$ cat entry_13.csv   # CSV, C-alpha atoms
chain,number,residue,atom,x,y,z
A,1,MET,CA,77.8,103.6,103.9
A,2,LYS,CA,78.3,102.4,100.4
A,3,LYS,CA,80.8,105.2,99.8
A,4,LEU,CA,82.6,104.4,103.1
A,5,PHE,CA,82.8,100.7,102.1
A,6,SER,CA,84.4,101.6,98.7
A,7,ILE,CA,87.0,103.8,100.5
A,8,VAL,CA,87.9,101.0,102.9
A,9,THR,CA,88.0,98.5,100.1
A,10,ALA,CA,90.3,100.8,98.1
A,11,ILE,CA,92.7,101.1,101.0
A,12,THR,CA,92.8,97.3,101.4
A,13,MET,CA,93.4,96.7,97.8
A,14,LEU,CA,96.0,99.3,97.3
A,15,GLY,CA,97.9,98.1,100.4
A,16,ALA,CA,98.2,94.7,98.8
A,17,SER,CA,98.9,95.9,95.3
A,18,SER,CA,101.9,94.6,93.4
A,19,VAL,CA,105.1,96.8,93.4
A,20,TYR,CA,108.2,97.3,91.3
A,21,ALA,CA,111.2,95.2,91.8
A,22,ALA,CA,113.8,97.3,93.7
A,23,GLY,CA,115.7,99.6,91.5
A,24,ASN,CA,113.5,99.0,88.5
A,25,GLY,CA,110.9,101.7,89.0
A,26,PRO,CA,110.6,105.0,87.3
A,27,VAL,CA,112.5,107.0,89.9
A,28,ASP,CA,116.3,107.2,89.6
A,29,VAL,CA,117.6,106.3,93.1
A,30,SER,CA,121.2,105.8,92.2
A,31,LYS,CA,122.2,108.9,94.3
A,32,VAL,CA,119.9,108.2,97.3
A,33,SER,CA,121.7,107.6,100.5
A,34,LYS,CA,120.6,104.3,102.2
A,35,ASP,CA,121.0,106.2,105.5
A,36,ILE,CA,118.3,108.6,104.3
A,37,THR,CA,115.8,106.0,103.3
A,38,ALA,CA,116.7,103.9,106.3
A,39,ALA,CA,116.4,100.8,104.1
A,40,ALA,CA,118.5,98.7,106.6
A,41,THR,CA,116.5,99.7,109.7
A,42,LYS,CA,115.2,96.8,111.7
A,43,LYS,CA,111.8,98.5,112.1
A,44,LYS,CA,109.5,98.7,109.1
A,45,PHE,CA,107.1,101.5,109.0
A,46,THR,CA,103.5,101.7,107.6
A,47,ILE,CA,103.1,104.9,105.5
A,48,ALA,CA,100.0,105.8,103.5
A,49,THR,CA,100.1,108.4,100.8
A,50,VAL,CA,96.7,110.1,100.4
A,51,VAL,CA,96.1,112.0,97.2
A,52,LYS,CA,93.4,114.4,95.9
A,53,VAL,CA,91.8,112.0,93.5
A,54,ASP,CA,92.7,108.4,92.4
A,55,GLY,CA,92.5,107.2,88.9
A,56,ILE,CA,93.9,110.1,87.0
A,57,ALA,CA,97.3,110.0,85.2
A,58,TRP,CA,99.0,112.4,87.6
A,59,PHE,CA,98.4,110.3,90.7
A,60,ASP,CA,98.8,107.0,88.8
A,61,ARG,CA,102.4,108.2,88.2
A,62,MET,CA,102.7,109.1,91.9
A,63,ARG,CA,101.7,105.6,92.9
A,64,ASN,CA,104.6,104.3,90.8
A,65,GLY,CA,107.0,106.2,93.0
A,66,VAL,CA,105.3,105.1,96.3
A,67,ASN,CA,105.3,101.5,95.1
A,68,GLN,CA,109.0,101.8,94.2
A,69,PHE,CA,109.8,103.1,97.6
A,70,LYS,CA,108.2,100.0,99.1
A,71,ALA,CA,110.2,97.8,96.8
A,72,ASP,CA,113.5,99.6,97.5
A,73,THR,CA,113.2,99.9,101.2
A,74,GLY,CA,110.9,97.2,102.5
A,75,HIS,CA,108.6,99.7,104.3
A,76,ASP,CA,104.9,99.1,104.0
A,77,THR,CA,103.9,102.0,101.8
A,78,TRP,CA,100.8,102.5,99.6
A,79,MET,CA,98.7,105.2,98.0
A,80,VAL,CA,95.0,105.9,98.2
A,81,GLY,CA,92.6,108.6,97.3
A,82,PRO,CA,88.9,109.3,96.6
A,83,SER,CA,87.4,108.4,93.3
A,84,GLN,CA,86.5,112.1,92.8
A,85,ALA,CA,88.1,115.3,94.1
A,86,ASP,CA,86.3,115.5,97.4
A,87,ALA,CA,87.6,117.0,100.6
A,88,ALA,CA,85.1,115.1,102.8
A,89,ALA,CA,86.2,111.8,101.2
A,90,GLN,CA,89.9,112.7,101.9
A,91,VAL,CA,89.0,113.4,105.5
A,92,GLN,CA,87.2,110.0,105.8
A,93,ILE,CA,90.2,108.2,104.4
A,94,ILE,CA,92.5,109.9,106.9
A,95,GLU,CA,90.1,109.0,109.7
A,96,ASN,CA,90.3,105.4,108.7
A,97,LEU,CA,94.1,105.5,108.6
A,98,ILE,CA,94.2,107.0,112.1
A,99,ALA,CA,92.0,104.2,113.3
A,100,GLN,CA,94.4,101.7,111.6
A,101,GLY,CA,97.3,103.2,113.5
A,102,VAL,CA,99.6,103.9,110.6
A,103,ASP,CA,103.0,105.4,111.4
A,104,ALA,CA,102.9,108.2,108.8
A,105,ILE,CA,100.6,109.9,106.4
A,106,CYS,CA,101.9,111.6,103.2
A,107,VAL,CA,99.1,113.8,101.9
A,108,VAL,CA,98.3,116.0,98.8
A,109,PRO,CA,95.3,117.9,100.1
A,110,PHE,CA,92.4,118.9,97.9
A,111,SER,CA,91.4,121.5,100.5
A,112,VAL,CA,94.0,122.5,103.1
A,113,GLU,CA,91.3,124.0,105.4
A,114,ALA,CA,89.2,120.9,105.3
A,115,LEU,CA,92.1,118.6,106.3
A,116,GLU,CA,93.6,120.8,109.1
A,117,PRO,CA,91.4,119.3,111.9
A,118,VAL,CA,91.9,115.6,110.9
A,119,LEU,CA,95.6,116.0,110.4
A,120,LYS,CA,95.9,117.7,113.8
A,121,LYS,CA,94.1,114.6,115.2
A,122,ALA,CA,96.6,112.4,113.4
A,123,ARG,CA,99.6,114.2,114.8
A,124,ASP,CA,98.1,114.2,118.3
A,125,ARG,CA,98.0,110.4,118.0
A,126,GLY,CA,101.7,110.4,117.2
A,127,ILE,CA,101.3,109.9,113.4
A,128,VAL,CA,103.9,111.7,111.3
A,129,VAL,CA,102.4,114.0,108.5
A,130,ILE,CA,104.3,114.9,105.4
A,131,ALA,CA,102.4,117.2,102.9
A,132,HIS,CA,102.9,118.2,99.3
A,133,GLU,CA,101.1,121.0,97.3
A,134,ALA,CA,100.1,122.6,100.6
A,135,SER,CA,102.5,125.4,101.4
A,136,ASN,CA,100.0,127.0,103.9
A,137,LEU,CA,99.2,123.8,105.8
A,138,GLN,CA,99.8,124.1,109.6
A,139,ASN,CA,99.3,120.5,110.8
A,140,SER,CA,102.3,118.8,109.2
A,141,ASP,CA,105.7,117.7,110.3
A,142,PHE,CA,107.1,118.9,107.0
A,143,THR,CA,105.6,120.2,103.7
A,144,LEU,CA,107.7,119.5,100.6
A,145,GLU,CA,107.0,121.6,97.5
A,146,ALA,CA,108.6,120.7,94.2
A,147,PHE,CA,109.6,124.3,93.6
A,148,ASP,CA,108.9,128.0,94.2
A,149,ASN,CA,105.2,128.2,93.3
A,150,LEU,CA,105.2,131.8,92.3
A,151,ALA,CA,108.2,131.3,89.9
A,152,TYR,CA,106.4,128.2,88.4
A,153,GLY,CA,103.4,130.3,87.6
A,154,ALA,CA,105.5,133.2,86.3
A,155,LYS,CA,107.2,130.9,83.8
A,156,LEU,CA,103.8,129.6,82.6
A,157,MET,CA,102.6,133.2,82.0
A,158,GLU,CA,105.9,134.1,80.2
A,159,VAL,CA,105.3,131.4,77.7
A,160,LEU,CA,101.5,132.1,77.3
A,161,ALA,CA,102.1,135.8,76.9
A,162,LYS,CA,104.6,135.2,74.1
A,163,SER,CA,102.2,132.9,72.3
A,164,MET,CA,99.5,135.5,72.6
A,165,GLY,CA,101.7,138.3,71.3
A,166,GLY,CA,101.6,140.1,74.6
A,167,GLU,CA,98.0,141.1,74.4
A,168,GLY,CA,94.4,139.9,74.6
A,169,GLN,CA,92.0,138.1,77.0
A,170,TYR,CA,92.8,135.0,79.0
A,171,VAL,CA,91.4,132.9,81.7
A,172,ALA,CA,93.0,130.8,84.5
A,173,THR,CA,91.9,127.5,86.1
A,174,VAL,CA,92.5,125.9,89.4
A,175,GLY,CA,91.3,122.5,90.7
A,176,SER,CA,89.9,124.2,93.8
A,177,LEU,CA,89.8,127.7,95.1
A,178,THR,CA,91.2,126.3,98.3
A,179,SER,CA,94.1,124.4,96.6
A,180,LYS,CA,96.9,126.6,97.9
A,181,SER,CA,99.7,125.6,95.6
A,182,GLN,CA,97.7,125.9,92.4
A,183,ASN,CA,96.4,129.3,93.4
A,184,GLU,CA,99.9,130.4,94.1
A,185,TRP,CA,100.9,129.3,90.6
A,186,ILE,CA,98.2,131.5,89.2
A,187,ASP,CA,99.1,134.3,91.5
A,188,GLY,CA,102.6,134.2,90.2
A,189,GLY,CA,101.4,134.2,86.6
A,190,VAL,CA,99.0,137.0,87.0
A,191,ALA,CA,101.6,139.2,88.8
A,192,TYR,CA,104.0,138.5,86.0
A,193,GLN,CA,101.4,139.4,83.4
A,194,LYS,CA,100.5,142.7,85.1
A,195,LYS,CA,104.2,143.7,85.4
A,196,ASN,CA,105.3,142.7,81.9
A,197,PHE,CA,102.3,142.4,79.7
A,198,PRO,CA,99.8,145.2,80.6
A,199,LYS,CA,97.8,144.7,77.4
A,200,MET,CA,96.7,141.3,78.5
A,201,GLN,CA,93.4,141.0,80.5
A,202,GLU,CA,92.2,138.2,82.8
A,203,VAL,CA,88.5,138.3,81.9
A,204,THR,CA,86.9,136.4,84.7
A,205,LYS,CA,87.6,134.9,88.2
A,206,ARG,CA,89.5,131.7,88.3
A,207,LEU,CA,87.6,128.7,87.0
A,208,GLU,CA,87.3,125.9,89.6
A,209,THR,CA,87.4,122.6,87.8
A,210,SER,CA,87.7,119.9,90.5
A,211,ASP,CA,90.8,118.4,88.8
A,212,ASP,CA,88.6,116.9,86.1
A,213,ALA,CA,89.2,117.3,82.3
A,214,ASN,CA,85.5,117.1,81.4
A,215,THR,CA,84.8,119.9,83.9
A,216,ASP,CA,87.7,121.9,82.4
A,217,TYR,CA,86.3,121.4,78.9
A,218,THR,CA,82.7,122.4,79.9
A,219,LYS,CA,83.7,125.5,81.9
A,220,LEU,CA,86.2,126.7,79.2
A,221,LYS,CA,83.5,126.2,76.6
A,222,GLU,CA,81.1,128.3,78.6
A,223,THR,CA,83.7,131.0,79.1
A,224,LEU,CA,84.4,131.1,75.4
A,225,THR,CA,80.7,131.6,74.7
A,226,THR,CA,80.7,134.6,77.2
A,227,TYR,CA,84.0,135.9,75.9
A,228,PRO,CA,84.3,135.1,72.2
A,229,LYS,CA,87.6,137.0,72.0
A,230,LEU,CA,89.3,134.8,74.5
A,231,LYS,CA,92.9,134.2,73.4
A,232,GLY,CA,94.6,132.3,76.2
A,233,VAL,CA,94.2,129.7,78.9
A,234,LEU,CA,96.5,129.5,81.9
A,235,GLY,CA,96.1,126.0,83.4
A,236,GLY,CA,96.7,125.3,87.0
A,237,PRO,CA,95.5,121.7,87.4
A,238,MET,CA,96.9,119.0,85.1
A,239,PRO,CA,93.6,118.0,83.5
A,240,THR,CA,93.1,121.5,82.0
A,241,SER,CA,95.7,120.6,79.4
A,242,ALA,CA,93.3,117.9,78.1
A,243,GLY,CA,90.2,120.0,78.5
A,244,ALA,CA,91.6,123.0,76.7
A,245,GLY,CA,93.2,120.9,74.0
A,246,ARG,CA,90.0,119.1,73.3
A,247,LEU,CA,88.0,122.4,73.0
A,248,ILE,CA,90.6,124.0,70.8
A,249,ALA,CA,90.8,120.9,68.6
A,250,GLU,CA,87.0,120.6,68.3
A,251,ARG,CA,86.5,124.2,67.5
A,252,GLY,CA,89.4,124.5,65.1
A,253,LEU,CA,91.0,127.2,67.2
A,254,ASN,CA,94.7,126.5,66.6
A,255,GLY,CA,96.5,129.8,66.5
A,256,LYS,CA,93.6,131.6,67.9
A,257,ILE,CA,93.5,130.4,71.5
A,258,PHE,CA,96.8,129.5,73.2
A,259,PHE,CA,97.6,127.4,76.3
A,260,ALA,CA,100.3,127.1,78.9
A,261,GLY,CA,99.8,125.1,82.0
A,262,THR,CA,100.5,122.0,84.1
A,263,GLY,CA,100.2,118.8,82.2
A,264,LEU,CA,101.7,115.4,81.4
A,265,VAL,CA,102.7,114.1,78.0
A,266,SER,CA,100.6,111.0,78.5
A,267,VAL,CA,97.5,113.3,78.9
A,268,ALA,CA,98.4,116.2,76.6
A,269,GLY,CA,100.8,114.8,74.1
A,270,GLU,CA,98.2,114.4,71.3
A,271,TYR,CA,97.3,118.1,71.7
A,272,LEU,CA,100.9,119.2,71.7
A,273,LYS,CA,101.6,117.1,68.6
A,274,ASN,CA,98.7,118.7,66.8
A,275,ASN,CA,99.5,122.3,67.9
A,276,ASN,CA,96.2,122.6,69.8
A,277,ILE,CA,98.2,123.6,72.9
A,278,GLN,CA,101.7,125.0,73.0
A,279,TYR,CA,103.4,124.3,76.4
A,280,ILE,CA,103.1,122.2,79.5
A,281,GLN,CA,105.0,122.2,82.7
A,282,PHE,CA,105.2,119.5,85.3
A,283,TRP,CA,107.3,117.8,87.9
A,284,ASP,CA,107.5,114.1,88.2
A,285,PRO,CA,104.8,113.0,90.7
A,286,ALA,CA,106.6,109.6,91.1
A,287,VAL,CA,109.7,111.4,92.4
A,288,ALA,CA,107.5,113.6,94.7
A,289,GLY,CA,105.8,110.5,96.1
A,290,TYR,CA,109.2,108.9,96.7
A,291,ALA,CA,110.5,112.1,98.3
A,292,MET,CA,107.6,112.4,100.7
A,293,ASN,CA,108.1,108.9,101.9
A,294,GLU,CA,111.8,109.5,102.4
A,295,LEU,CA,111.0,112.4,104.7
A,296,ALA,CA,108.4,110.3,106.6
A,297,VAL,CA,111.0,107.6,107.2
A,298,MET,CA,113.7,110.1,108.2
A,299,THR,CA,111.3,111.6,110.7
A,300,LEU,CA,110.2,108.2,112.1
A,301,SER,CA,113.9,107.1,112.4
A,302,GLY,CA,114.9,110.0,114.6
A,303,LYS,CA,116.6,112.0,111.7
A,304,LYS,CA,114.1,114.9,111.9
A,305,ALA,CA,116.9,117.4,112.7
A,306,GLN,CA,118.5,116.6,109.3
A,307,ILE,CA,115.5,117.8,107.4
A,308,LYS,CA,116.3,121.4,106.7
A,309,ALA,CA,117.6,123.7,104.0
A,310,GLY,CA,120.5,122.2,102.1
A,311,LEU,CA,119.3,118.6,102.5
A,312,ASN,CA,120.1,116.4,99.5
A,313,LEU,CA,117.5,113.7,99.1
A,314,GLY,CA,119.4,112.2,96.2
A,315,LEU,CA,116.5,112.6,93.8
A,316,GLU,CA,116.3,114.7,90.7
A,317,GLY,CA,114.9,118.1,91.6
A,318,TYR,CA,115.4,117.5,95.3
A,319,GLY,CA,119.2,117.7,95.6
A,320,ASN,CA,119.4,120.9,97.5
A,321,LEU,CA,116.3,121.8,99.4
A,322,ILE,CA,115.6,125.4,100.3
A,323,SER,CA,113.5,126.9,103.1
A,324,PRO,CA,112.0,130.1,101.7
A,325,ASP,CA,110.4,131.3,104.9
A,326,ALA,CA,112.5,131.6,108.1
A,327,LYS,CA,109.2,131.5,110.1
A,328,LYS,CA,108.2,128.2,108.6
A,329,PRO,CA,111.4,126.0,108.7
A,330,ASN,CA,109.3,122.9,108.0
A,331,LEU,CA,108.3,124.2,104.6
A,332,LEU,CA,110.9,123.1,102.0
A,333,TYR,CA,111.2,123.6,98.3
A,334,GLY,CA,113.0,121.6,95.6
A,335,GLN,CA,113.8,122.7,92.1
A,336,GLY,CA,111.8,120.1,90.2
A,337,TRP,CA,109.9,121.4,87.2
A,338,VAL,CA,110.5,120.9,83.5
A,339,GLY,CA,108.9,122.6,80.5
A,340,VAL,CA,107.7,120.6,77.5
A,341,THR,CA,106.7,121.5,74.0
A,342,LYS,CA,106.0,119.6,70.8
A,343,GLU,CA,109.8,119.5,70.1
A,344,ASN,CA,110.9,117.8,73.3
A,345,MET,CA,107.8,115.8,74.4
A,346,GLY,CA,109.4,112.6,73.1
A,347,LYS,CA,111.8,112.7,76.1
A,348,TYR,CA,109.0,111.9,78.5
A,349,ASN,CA,107.1,108.7,78.7
A,350,PHE,CA,104.5,109.6,81.4
$ encode --input "entry_13.csv" --output "structure tokens"
Amino acid sequence: MKKLFSIVTAITMLGASSVYAAGNGPVDVSKVSKDITAAATKKKFTIATVVKVDGIAWFDRMRNGVNQFKADTGHDTWMVGPSQADAAAQVQIIENLIAQGVDAICVVPFSVEALEPVLKKARDRGIVVIAHEASNLQNSDFTLEAFDNLAYGAKLMEVLAKSMGGEGQYVATVGSLTSKSQNEWIDGGVAYQKKNFPKMQEVTKRLETSDDANTDYTKLKETLTTYPKLKGVLGGPMPTSAGAGRLIAERGLNGKIFFAGTGLVSVAGEYLKNNNIQYIQFWDPAVAGYAMNELAVMTLSGKKAQIKAGLNLGLEGYGNLISPDAKKPNLLYGQGWVGVTKENMGKYNF
């Protein structure tokens, strides 16, 4: 009951939180069509964005985009998530939103399988569902991915392999073994490694880290004890950049263990600067949050037929959406990732 109370309280507080003045947020909306966002529509919609875990830098940044969308358009949008990565807590949050009768739910699932029944329930009640990082989700009106997941992972492996000299042992991390997108990133990386760098070896099954930097650190430390010749870390979830960086820094392993993975400069910048890690990739979660809310409003405003391959959302990385699978026309990809090293990290302030 205490946990449920904290979830309900979080929803209430976030719904009333302060927002950016229109046009002053982190997302460049200069090319966004007012017709797409339906800013002038007479009806204002209530849209909740439910994330894997609240209170980490990645989703703090996403909240910025959600808040900016509210300021720009006047729709009642807010973000909420469990305090820890927990599929059951996400389910409970969505149950509460269904009971509230929101118009739409934008969701970044921790476990796609766990959320399928409750998202079906939401859609059966007439609630629009827009998903992100969930390419295998069935119960959504649209799923918007920032990019081709396999290509994203292949690029991470390309950089990691070059740092490792094309040979040696490595390990890969995911937030959850059921997090579809992160596992696709690693799938893409491993496939690229097997094809191009046969002297490299993935030494153990993927480490499941619950999107928590301390868990990343602990599991990587344990792996290093078991495999003292470990030479590389391929990081799926953003917190691995901090967990791996901390371990390498503490053990004085610069130049002996290398890292390439998802990260943010605000989290991993210290480790990039000190050469503990070499490379991070990311897409801007603020833009992803804004884009999901755009699709929700378009769907609610009767513009669902416009949401297809070729759609230009007017946002960086989402200017020409593609539909990679003809059998799943509601699955759309952008082109939204960037690669960051010590040399160009100063360009990014999040």
$ closest_residue --input "entry_13.csv" --among "A:Ser176, A:Thr240, A:Thr226, A:Ser33" --to "A:Asp212" --atoms "only C-alpha atoms"
A:Thr240
$ closest_residue --input "entry_13.csv" --among "A:Pro109, A:Gly334, A:Gly269, A:Gly235" --to "A:Gly319" --atoms "all atoms listed in the file"
A:Gly334
$ residues_around --input "entry_13.csv" --residues "A:Asn139" --least-positions-apart "2" --cutoff "10 Å" --atoms "all atoms listed in the file" --output "PyMOL selection string"
chain A and resi 112+115-124+128-131+136-137+141-143
$ closest_residue --input "entry_13.csv" --among "A:Glu343, A:Asp187, A:Asp54, A:Asp211" --to "A:Ala242" --atoms "all atoms listed in the file"
A:Asp211
$ closest_residue --input "entry_13.csv" --among "A:Tyr170, A:Phe59, A:Phe69, A:Phe147" --to "A:Val27" --atoms "all atoms listed in the file"
A:Phe69
$ residues_around --input "entry_13.csv" --residues "stretch 214-217 of chain A" --least-positions-apart "2" --cutoff "8 Å" --atoms "only C-alpha atoms" --output "PyMOL selection string"
chain A and resi 173+209-212+219-221+239-240+242-244+246-247
$ closest_residue --input "entry_13.csv" --among "A:Met345, A:Glu133, A:Asp35, A:Gln278" --to "A:Gln306" --atoms "only C-alpha atoms"
A:Asp35
$ closest_residue --input "entry_13.csv" --among "A:Leu311, A:Val233, A:Ala151, A:Leu177" --to "A:Trp337" --atoms "all atoms listed in the file"
A:Ala151
$ atom_distance --input "entry_13.csv" --atom1 "atom CA of A:Pro26" --atom2 "atom CA of A:Gln68"
7.8 Å
$ closest_atom_pairs --input "entry_13.csv" --of "stretch 291-347 of chain A" --to "stretch 102-106 of chain A" --cutoff "12 Å" --atoms "only C-alpha atoms" --output "tab-separated table"
residue	atom	partner	partner_atom	distance
A:Ala291	CA	A:Cys106	CA	9.9
A:Met292	CA	A:Cys106	CA	6.3
A:Asn293	CA	A:Cys106	CA	6.9
A:Glu294	CA	A:Cys106	CA	10.2
A:Leu295	CA	A:Cys106	CA	9.3
A:Ala296	CA	A:Ala104	CA	6.3
A:Val297	CA	A:Ala104	CA	8.3
A:Met298	CA	A:Ala104	CA	11.0
A:Thr299	CA	A:Ala104	CA	9.3
A:Leu300	CA	A:Asp103	CA	7.8
A:Ser301	CA	A:Asp103	CA	11.1
$ residues_near_point --input "entry_13.csv" --point "(86.6, 134.7, 83.8)" --cutoff "9 Å" --atoms "all atoms listed in the file" --output "list in words"
Tyr170, Val171, Ala172, Glu202, Val203, Thr204, Lys205, Arg206, Leu207, Thr223, Thr226 and Tyr227 of chain A
$ atom_distance --input "entry_13.csv" --atom1 "atom CA of A:Glu270" --atom2 "atom CA of A:Val108"
27.5 Å
$ residues_around --input "entry_13.csv" --residues "A:Asn275" --least-positions-apart "6" --cutoff "12 Å" --atoms "all atoms listed in the file" --output "tab-separated table (two decimals) with C-alpha atoms, in the coordinates of the input"
chain	number	residue	atom	x	y	z
A	163	SER	CA	102.20	132.90	72.30
A	244	ALA	CA	91.60	123.00	76.70
A	245	GLY	CA	93.20	120.90	74.00
A	246	ARG	CA	90.00	119.10	73.30
A	248	ILE	CA	90.60	124.00	70.80
A	249	ALA	CA	90.80	120.90	68.60
A	252	GLY	CA	89.40	124.50	65.10
A	253	LEU	CA	91.00	127.20	67.20
A	254	ASN	CA	94.70	126.50	66.60
A	255	GLY	CA	96.50	129.80	66.50
A	256	LYS	CA	93.60	131.60	67.90
A	257	ILE	CA	93.50	130.40	71.50
A	258	PHE	CA	96.80	129.50	73.20
A	259	PHE	CA	97.60	127.40	76.30
A	268	ALA	CA	98.40	116.20	76.60
A	269	GLY	CA	100.80	114.80	74.10
A	341	THR	CA	106.70	121.50	74.00
A	342	LYS	CA	106.00	119.60	70.80
A	343	GLU	CA	109.80	119.50	70.10
$ atom_distance --input "entry_13.csv" --atom1 "atom CA of A:Ser140" --atom2 "atom CA of A:Gly289"
15.9 Å
